[in-house]
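See below for the structure under consideration.
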Protein chains: 2
Amino acid sequence: MDDMNKYIEQNRNRFTDELFELLRIPSVSAQSEHKPDMVRCAEWLAAELVKSGADHAEVMPTDGNPVVFAEKIIDPSAKTVLVYGHYDVMPVDPREEWHTEPFEPVIRDGRIWGRGADDDKGQLFMHCKAFEAMCATDTLPCNVKFMLEGEEEIGSEHLYGFCRDNRDMLKADIILVSDTSMVSMDTPSITCGLRGLTYMEVEVIGPDKDLHSGLFGGAVANPANVLARLVASLTDENGHITIPHFYDDVRELTDAEREAFNKVPFDLEDYKKSLDIDDVEGEKGYTTMERTGVRPSLDINGIWGGYIGEGTKTVIPSKASAKISMRLVPDQDFNRIGELFEAHFRAIAPASVKVNVKFLHGGAPYVAPTDMPAYKAAERAITDTFGKKPLPFYSGGSIPIISGFERILGIKSLLIGFGLAKDAIHSPNESFGLDQFFKGIGTIPLFYKYFAE
Amino acid sequence: MDDMNKYIEQNRNRFTDELFELLRIPSVSAQSEHKPDMVRCAEWLAAELVKSGADHAEVMPTDGNPVVFAEKIIDPSAKTVLVYGHYDVMPVDPREEWHTEPFEPVIRDGRIWGRGADDDKGQLFMHCKAFEAMCATDTLPCNVKFMLEGEEEIGSEHLYGFCRDNRDMLKADIILVSDTSMVSMDTPSITCGLRGLTYMEVEVIGPDKDLHSGLFGGAVANPANVLARLVASLTDENGHITIPHFYDDVRELTDAEREAFNKVPFDLEDYKKSLDIDDVEGEKGYTTMERTGVRPSLDINGIWGGYIGEGTKTVIPSKASAKISMRLVPDQDFNRIGELFEAHFRAIAPASVKVNVKFLHGGAPYVAPTDMPAYKAAERAITDTFGKKPLPFYSGGSIPIISGFERILGIKSLLIGFGLAKDAIHSPNESFGLDQFFKGIGTIPLFYKYFAE
């Protein structure tokens with residue numbers, strides 16, 4: 001691996017410059033005005049993969065954003081790694097809280113700052129550069145395929161069909177994904193569990209126009225008050241979700257599992273301090289790690305209604321809305337949870353209002369077995385580069401398509417992420433440490449080597 | 001009164017054109033970018049009053065928006081009427097729901113459409129034109145003073161000081177105000193009660209940045225969820241407000257009062273139909289008329305937090321806010337209610353969040369005696385023009401400065417409004433019937449005549 005490490009060392013600056021080019025493309029999938037940026041980003045990546053050594057790379061259209069597919073086949077009988085990543089990023093708002101331009105990356109304090117620096121452009125680009133380094137030093141031991149999508153942050157809607165339509169093309173022994181975090185640089189970890197997701201939007205509709213809150217206040221149901229009441233009632237005083245049958249399919253941990261699970265180093269005081277909160281809050285009877293790792297949750301992701309400008313307006317809004325998402329754990333089914341949510345929300349709405357309930361997107365929870373060869377290979381690779389054996393880790397996040405891969409393609413995924421909590425993905429001032437980026441690039445070729453053995 | 005009516009008839013079109021000029025000035029007091037429009041509007045009105053016959057008119061600065069003062073003294077020993085009105089208007093949002101431009105008034109279906117058409121430019125302009133008609137036909141029987149402010153919709157903050165500083169200048173026998181509604185054109189009414197108002201803004205602050213709802217969901221208090229829970233808890237299942245001591249000073253109606261009160265014609269089915277709602281909702285044990293007329297209420301006027309754009313964003317917002325106002329009835333004190341609200345909101349907030357509570361503005365409830373000479377004069381004037389004796393009416397709305405006038409100047413106000421519920425004040429598509437406008441202009445000189453007797 002000496003040639004390899006030398007190659008990476010010699011090309012550090014170019015690798016970073018290239019990542020900056022990628023980060024400058026504002027590929028926000030949630031906002032339709034960025035449609036042209038999605039295509040531009042896909043084309044940039046396809047060209048990049050060919051330059052890095054792919055036999056060919058294609059921008060393949062879907063009914064949504066295109067998928068970048070590339071491959072290098074060294075030997076049909078060798079093992080095949082399918083690298084999955086996503087080139088779309090989250091919206092940047094609240095825009096005013098960014099210290100630098102979200103799409104004008106900068107390096108400060110040894111970190112790359114900008115939207116997508118970690119999630120997922122920084123992480124997928126580690127795979128591009130590791131691939132380039134293996135090709136350049138003639139050390140690639142596996143066939144490699146890349147599948148980079150542009151809709152992960154909005155539910156990967158069209159990637160399911162893409163997988164169904166291209167089963168042969170996508171054949172592989174493992175799907176390699178860097179879209180998760182480690183516990184810390186001192187406590188490396190491999191994500192072996194992901195929560196699922198059901199994302200809903202509700203609208204409460206009252207009078208057919210905004211009303212004067214003096215003339216009507218107290219006599220007409222205020223949709224914002226009703227929304228607050230309905231949403232508040234979805235969780236009880238113990239932090240349990242009140243939707244009937246919500247917990248029916250939740251797999252409870254055994255005592256032994258709980259004990260193992262809580263072994264991951266965790267300091268509650270540090271955690272609270274890092275978020276600037278005086279106390280945590282969650283489901284009674286579970287630790288913070290369990291609350292995000294193995295228990296479902298319900299969060300308002302957005303709420304709006306009435307006058308939200310400067311000063312005062314004495315109005316009863318005609319309607320009020322909320323985006324509400326639920327994180328799911330094995331064996332909850334995201335479609336069924338969506339149905340249960342809708343039925344319950346309609347049932348609890350009073351006759352004084354109408355409600356609209358919309359399913360926005362969803363995905364199933366995922367568990368990766370820690371005894372599969374790819375997991376073992378990753379464990380060895382990380383032990384080599386971090387000097388410590390990585391812990392298996394249950395993340396609270398969701399990558400809905402991961403369980404889709406298993407269902408459609410019959411291939412397991414290995415979640416070898418190099419993010420950290422402080423990267424603030426989805427938040428203003430997202431960042432990615434240069435040490436994380438280059439540690440990732442260094443670890444990936446070792447994974448290939450051990451996986452090929 | 002024949003000359004007078006002829007004069008009004010002959011000048012109908014000019015009166016409307018002039019009102020349109022006034023309505024075109026976007027004098028939105030809640031939004032600081034309209035500061036120059038406030039001054040322009042005040043200057044326009046001062047010029048208008050001089051043209052109409054005032055001895056002099058001045059735009060008098062305050063620390064906020066200026067006050068227009070004008071007067072015509074016909075005889076120091078005659079009775080003096082002080083006309084109060086406000087030239088500021090409500091914000092126009094939701095902008096997209098307007099069928100025509102809010103500041104480009106049009107006439108359609110016999111009505112004037114535009115922001116301020118009723119509240120209060122249309123109504124104050126009735127007084128300008130009635131004044132002009134009395135001057136032109138040499139029939140003005142009283143001294144007249146005008147005091148037109150530009151901050152009514154944001155709490156009249158600087159008018160209190162203005163009144164204190166100008167007590168002599170403002171001396172009058174009655175304050176005449178058209179900033180209220182009638183029950184209907186068939187059921188004329190005089191407003192003899194107004195609710196008070198306490199308007200608060202609350203902010204719930206959680207983690208110091210937006211968080212990924214997957215990585216943290218279930219373990220960290222979500223400020224939007226907490227806000228919904230706190231706000232929902234401010235009202236119980238019977239529609240009672242739960243703030244301790246909130247009802248301490250509420251004057252309960254006697255059985256006789258309740259009976260009299262509920263005599264005003266009211267059709268619940270029509271009411272629901274006019275608002276397109278299937279059911280009303282309010283405090284248990286009270287009729288709809290009582291709920292708005294003599295009972296306090298609590299409404300969310302605006303709520304916001306998290307991602308409210310297109311699509312989905314899986315975020316735990318760092319903070320969430322709401323504007324919450326309470327309508328008050330005799331003898332509730334708006335400052336005390338503000339203090340009770342703040343103490344309660346802070347008390348119920350969990351340790352997992354911080355809260356900010358801000359008092360935005362307030363005003364006391366008001367009751368006008370139905371046996372004062374001005375009330376009797378208005379009763380006769382309206383009986384003449386509408387052919388029916390007006391009913392005394394308790395409005396749910398608030399004009400906080402009215403109780404201030406009594407406190408500071410020692411002068412009662414007469415609320416002779418010509419609005420209707422369908423004028424949709426504070427809402428998109430505000431309008432004012434030409435019949436209302438001209439009925440008002442015709443009624444006002446009769447009031448002066450009877451009041452002078």
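Identifiers for the structure tokens are assigned positionally: chains receive A, B, ... in sequence, residues are indexed from 1 per chain, and ligands are indexed from 1 in the order shown.
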
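The shell of residues at most 10 Å from A:Gly85, with only C-alpha atoms counted and near chain neighbours (fewer than 6 positions) removed, consists of A:Val68, A:Asp119, A:Asp120, A:Lys121, A:Gln123, A:Leu124, A:Phe125, A:His127, A:Phe146, A:Met147, A:Leu148, A:Glu149, A:Gly150, A:Glu152, A:Leu176, A:Val177, A:Ser178, A:Asp179.
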
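With only C-alpha atoms as the basis for measurement, B:Met185 is the residue among B:Val106, B:Met185, B:Ala47, B:Leu253 that approaches B:Gly417 most closely.
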
re atom CA of A:Asp168 and atom CA of A:Phe334: distance 27.6 Å

Excluding B:Asn262 and its own-chain neighbours fewer than 5 positions away, which residues fall within 9 Å of it when counting only C-alpha atoms? Please give them as a list of chain:residue names. B:Glu257, B:Thr287, B:Met289, B:Glu290

Using DSSP on the backbone coordinates, identify all residues within stretch 327-394 of chain B classified as strand (DSSP E); present the result as a PyMOL selection string. chain B and resi 327-328+354-363+366-367+391-394

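When only C-alpha atoms are used to compute distances to B:Pro265, the closest of the residues B:Val183, B:Val329, B:Ala368, B:Val231 turns out to be B:Val183.
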
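Ranking A:Tyr366, A:Trp44, A:Phe447, A:Phe438 by their shortest atom-to-atom distance to A:Cys192, with only C-alpha atoms included, puts A:Tyr366 first.
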
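With atom CA of B:Trp304 on one side and atom CA of A:Ser274 on the other, the separation reads 24.9 Å.
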
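Within 10 Å of stretch 370-374 of chain B, once only C-alpha atoms are used and residues closer than 5 positions along the same chain are dropped, the contacting residues are Val81, Asp173, Ile174, Ile175, Leu176, Ile190, Thr191, Cys192, Glu379, Arg380, Pro392, Lys412, Ser413, Leu414, Leu415, Phe447, Tyr448, Tyr450, Phe451, Ala452 and Glu453 of chain B.
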
Once you have the residues from the selection above, write them out as an mmCIF file, in the first residue's frame, restricted to N, CA and C atoms.
```cif
data_model
loop_
_atom_site.group_PDB
_atom_site.id
_atom_site.type_symbol
_atom_site.label_atom_id
_atom_site.label_comp_id
_atom_site.auth_asym_id
_atom_site.auth_seq_id
_atom_site.Cartn_x
_atom_site.Cartn_y
_atom_site.Cartn_z
ATOM 1 N N VAL B 81 -66.898 68.161 18.741
ATOM 2 C CA VAL B 81 -66.777 66.746 18.385
ATOM 3 C C VAL B 81 -65.327 66.487 17.968
ATOM 4 N N ASP B 173 -66.380 67.323 23.647
ATOM 5 C CA ASP B 173 -67.505 66.763 24.403
ATOM 6 C C ASP B 173 -67.679 65.280 24.132
ATOM 7 N N ILE B 174 -67.230 64.867 22.952
ATOM 8 C CA ILE B 174 -67.351 63.444 22.608
ATOM 9 C C ILE B 174 -66.273 63.115 21.571
ATOM 10 N N ILE B 175 -65.811 61.870 21.630
ATOM 11 C CA ILE B 175 -64.919 61.390 20.562
ATOM 12 C C ILE B 175 -65.763 60.512 19.647
ATOM 13 N N LEU B 176 -65.736 60.842 18.372
ATOM 14 C CA LEU B 176 -66.581 60.146 17.399
ATOM 15 C C LEU B 176 -65.686 59.218 16.584
ATOM 16 N N ILE B 190 -75.133 50.079 17.220
ATOM 17 C CA ILE B 190 -74.076 50.959 17.720
ATOM 18 C C ILE B 190 -73.243 50.142 18.700
ATOM 19 N N THR B 191 -71.953 50.149 18.481
ATOM 20 C CA THR B 191 -71.085 49.342 19.339
ATOM 21 C C THR B 191 -70.935 50.018 20.697
ATOM 22 N N CYS B 192 -71.347 49.312 21.740
ATOM 23 C CA CYS B 192 -71.219 49.907 23.065
ATOM 24 C C CYS B 192 -70.256 49.128 23.949
ATOM 25 N N GLU B 379 -78.379 57.320 17.897
ATOM 26 C CA GLU B 379 -79.556 56.469 17.771
ATOM 27 C C GLU B 379 -80.600 57.130 16.861
ATOM 28 N N ARG B 380 -80.813 58.443 17.077
ATOM 29 C CA ARG B 380 -81.792 59.177 16.253
ATOM 30 C C ARG B 380 -81.300 59.277 14.809
ATOM 31 N N PRO B 392 -77.942 48.230 20.641
ATOM 32 C CA PRO B 392 -76.596 48.292 21.241
ATOM 33 C C PRO B 392 -75.906 46.950 20.993
ATOM 34 N N LYS B 412 -65.544 60.350 26.718
ATOM 35 C CA LYS B 412 -66.141 59.104 26.243
ATOM 36 C C LYS B 412 -66.076 59.052 24.714
ATOM 37 N N SER B 413 -66.107 57.857 24.181
ATOM 38 C CA SER B 413 -66.130 57.686 22.728
ATOM 39 C C SER B 413 -67.475 57.123 22.299
ATOM 40 N N LEU B 414 -67.921 57.549 21.124
ATOM 41 C CA LEU B 414 -69.113 56.952 20.511
ATOM 42 C C LEU B 414 -68.664 56.177 19.283
ATOM 43 N N LEU B 415 -69.008 54.893 19.261
ATOM 44 C CA LEU B 415 -68.531 54.003 18.188
ATOM 45 C C LEU B 415 -69.629 53.814 17.160
ATOM 46 N N PHE B 447 -76.108 63.152 13.006
ATOM 47 C CA PHE B 447 -75.579 63.024 14.360
ATOM 48 C C PHE B 447 -75.174 64.393 14.907
ATOM 49 N N TYR B 448 -74.428 65.159 14.111
ATOM 50 C CA TYR B 448 -73.993 66.489 14.556
ATOM 51 C C TYR B 448 -75.207 67.351 14.922
ATOM 52 N N TYR B 450 -78.318 66.450 15.832
ATOM 53 C CA TYR B 450 -79.001 66.044 17.066
ATOM 54 C C TYR B 450 -78.105 66.266 18.283
ATOM 55 N N PHE B 451 -76.810 66.063 18.100
ATOM 56 C CA PHE B 451 -75.894 66.230 19.231
ATOM 57 C C PHE B 451 -75.820 67.703 19.649
ATOM 58 N N ALA B 452 -75.965 68.625 18.684
ATOM 59 C CA ALA B 452 -75.877 70.069 18.962
ATOM 60 C C ALA B 452 -77.114 70.594 19.660
ATOM 61 N N GLU B 453 -78.230 69.863 19.521
ATOM 62 C CA GLU B 453 -79.511 70.355 20.056
ATOM 63 C C GLU B 453 -79.474 70.519 21.571
#
```

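As for atom CA of B:Glu153 and atom CA of A:Ser213, they are spaced 12.5 Å apart.
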
Identify, on the basis of only C-alpha atoms, every residue whose closest approach to A:Gly196 does not exceed 9 Å; exclude the query and any residue fewer than 6 positions from it along the same chain; express the result as a PyMOL selection string. (chain A and resi 296+326-330+332-334+362-366+396-400+403) or (chain B and resi 214)

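Comparing the minimum interatomic distances between chain A and each of B:Gly114, B:Gly53, B:Pro350, B:Pro66, counting only C-alpha atoms, we find that B:Pro350 sits nearest.
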
Among the residues of stretch 37-185 of chain B, find those DSSP assigns to alpha helix (DSSP H) from the backbone and print them as a ChimeraX atom specification. /B:37-52,121-136,159-165

Can you pull out every residue within 8 Å of stretch 6-17 of chain A, counting only C-alpha atoms, but drop anything in the same chain fewer than 4 positions away, and send it as a ChimeraX atom specification? /A:2,21,129,133,137,441-442

Write the residues of the preceding selection, restricted to N, CA and C atoms, as a compact mmCIF listing (two decimals), in the first residue's frame.
```txt
# COMPACT_ATOMS: atom_id res chain seq x y z
N ASP A 2 2.14 1.14 -0.10
CA ASP A 2 3.00 2.33 -0.03
C ASP A 2 2.82 3.26 -1.21
N GLU A 21 -15.03 21.92 -6.51
CA GLU A 21 -15.80 22.09 -7.75
C GLU A 21 -17.17 21.44 -7.61
N LYS A 129 -11.98 9.17 -5.30
CA LYS A 129 -10.54 9.37 -5.22
C LYS A 129 -9.80 8.09 -4.83
N ALA A 133 -7.00 6.32 -7.09
CA ALA A 133 -5.70 5.94 -6.56
C ALA A 133 -5.39 4.46 -6.82
N THR A 137 -2.39 3.23 -9.33
CA THR A 137 -1.29 2.43 -8.80
C THR A 137 -1.46 0.96 -9.16
N ILE A 441 -10.30 8.17 2.35
CA ILE A 441 -9.64 7.78 1.10
C ILE A 441 -8.59 6.71 1.35
N GLY A 442 -7.95 6.79 2.50
CA GLY A 442 -6.93 5.80 2.83
C GLY A 442 -7.51 4.45 3.24
```

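Shortest separation to A:Gly155 among A:Asp278, A:Ala30, A:Gly217, A:Val250 occurs at residue A:Ala30, atoms counted being only C-alpha atoms.
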
Find the residues near B:Glu430: any atom within 8 Å, counting only C-alpha atoms, skip ones fewer than 6 places away on the same chain, and give them as a ChimeraX atom specification. /B:113-118,423-424

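Counting only C-alpha atoms and comparing B:Glu201, B:Glu406, B:Asp88, B:Asp331, the residue that lies closest to chain A is B:Glu201.
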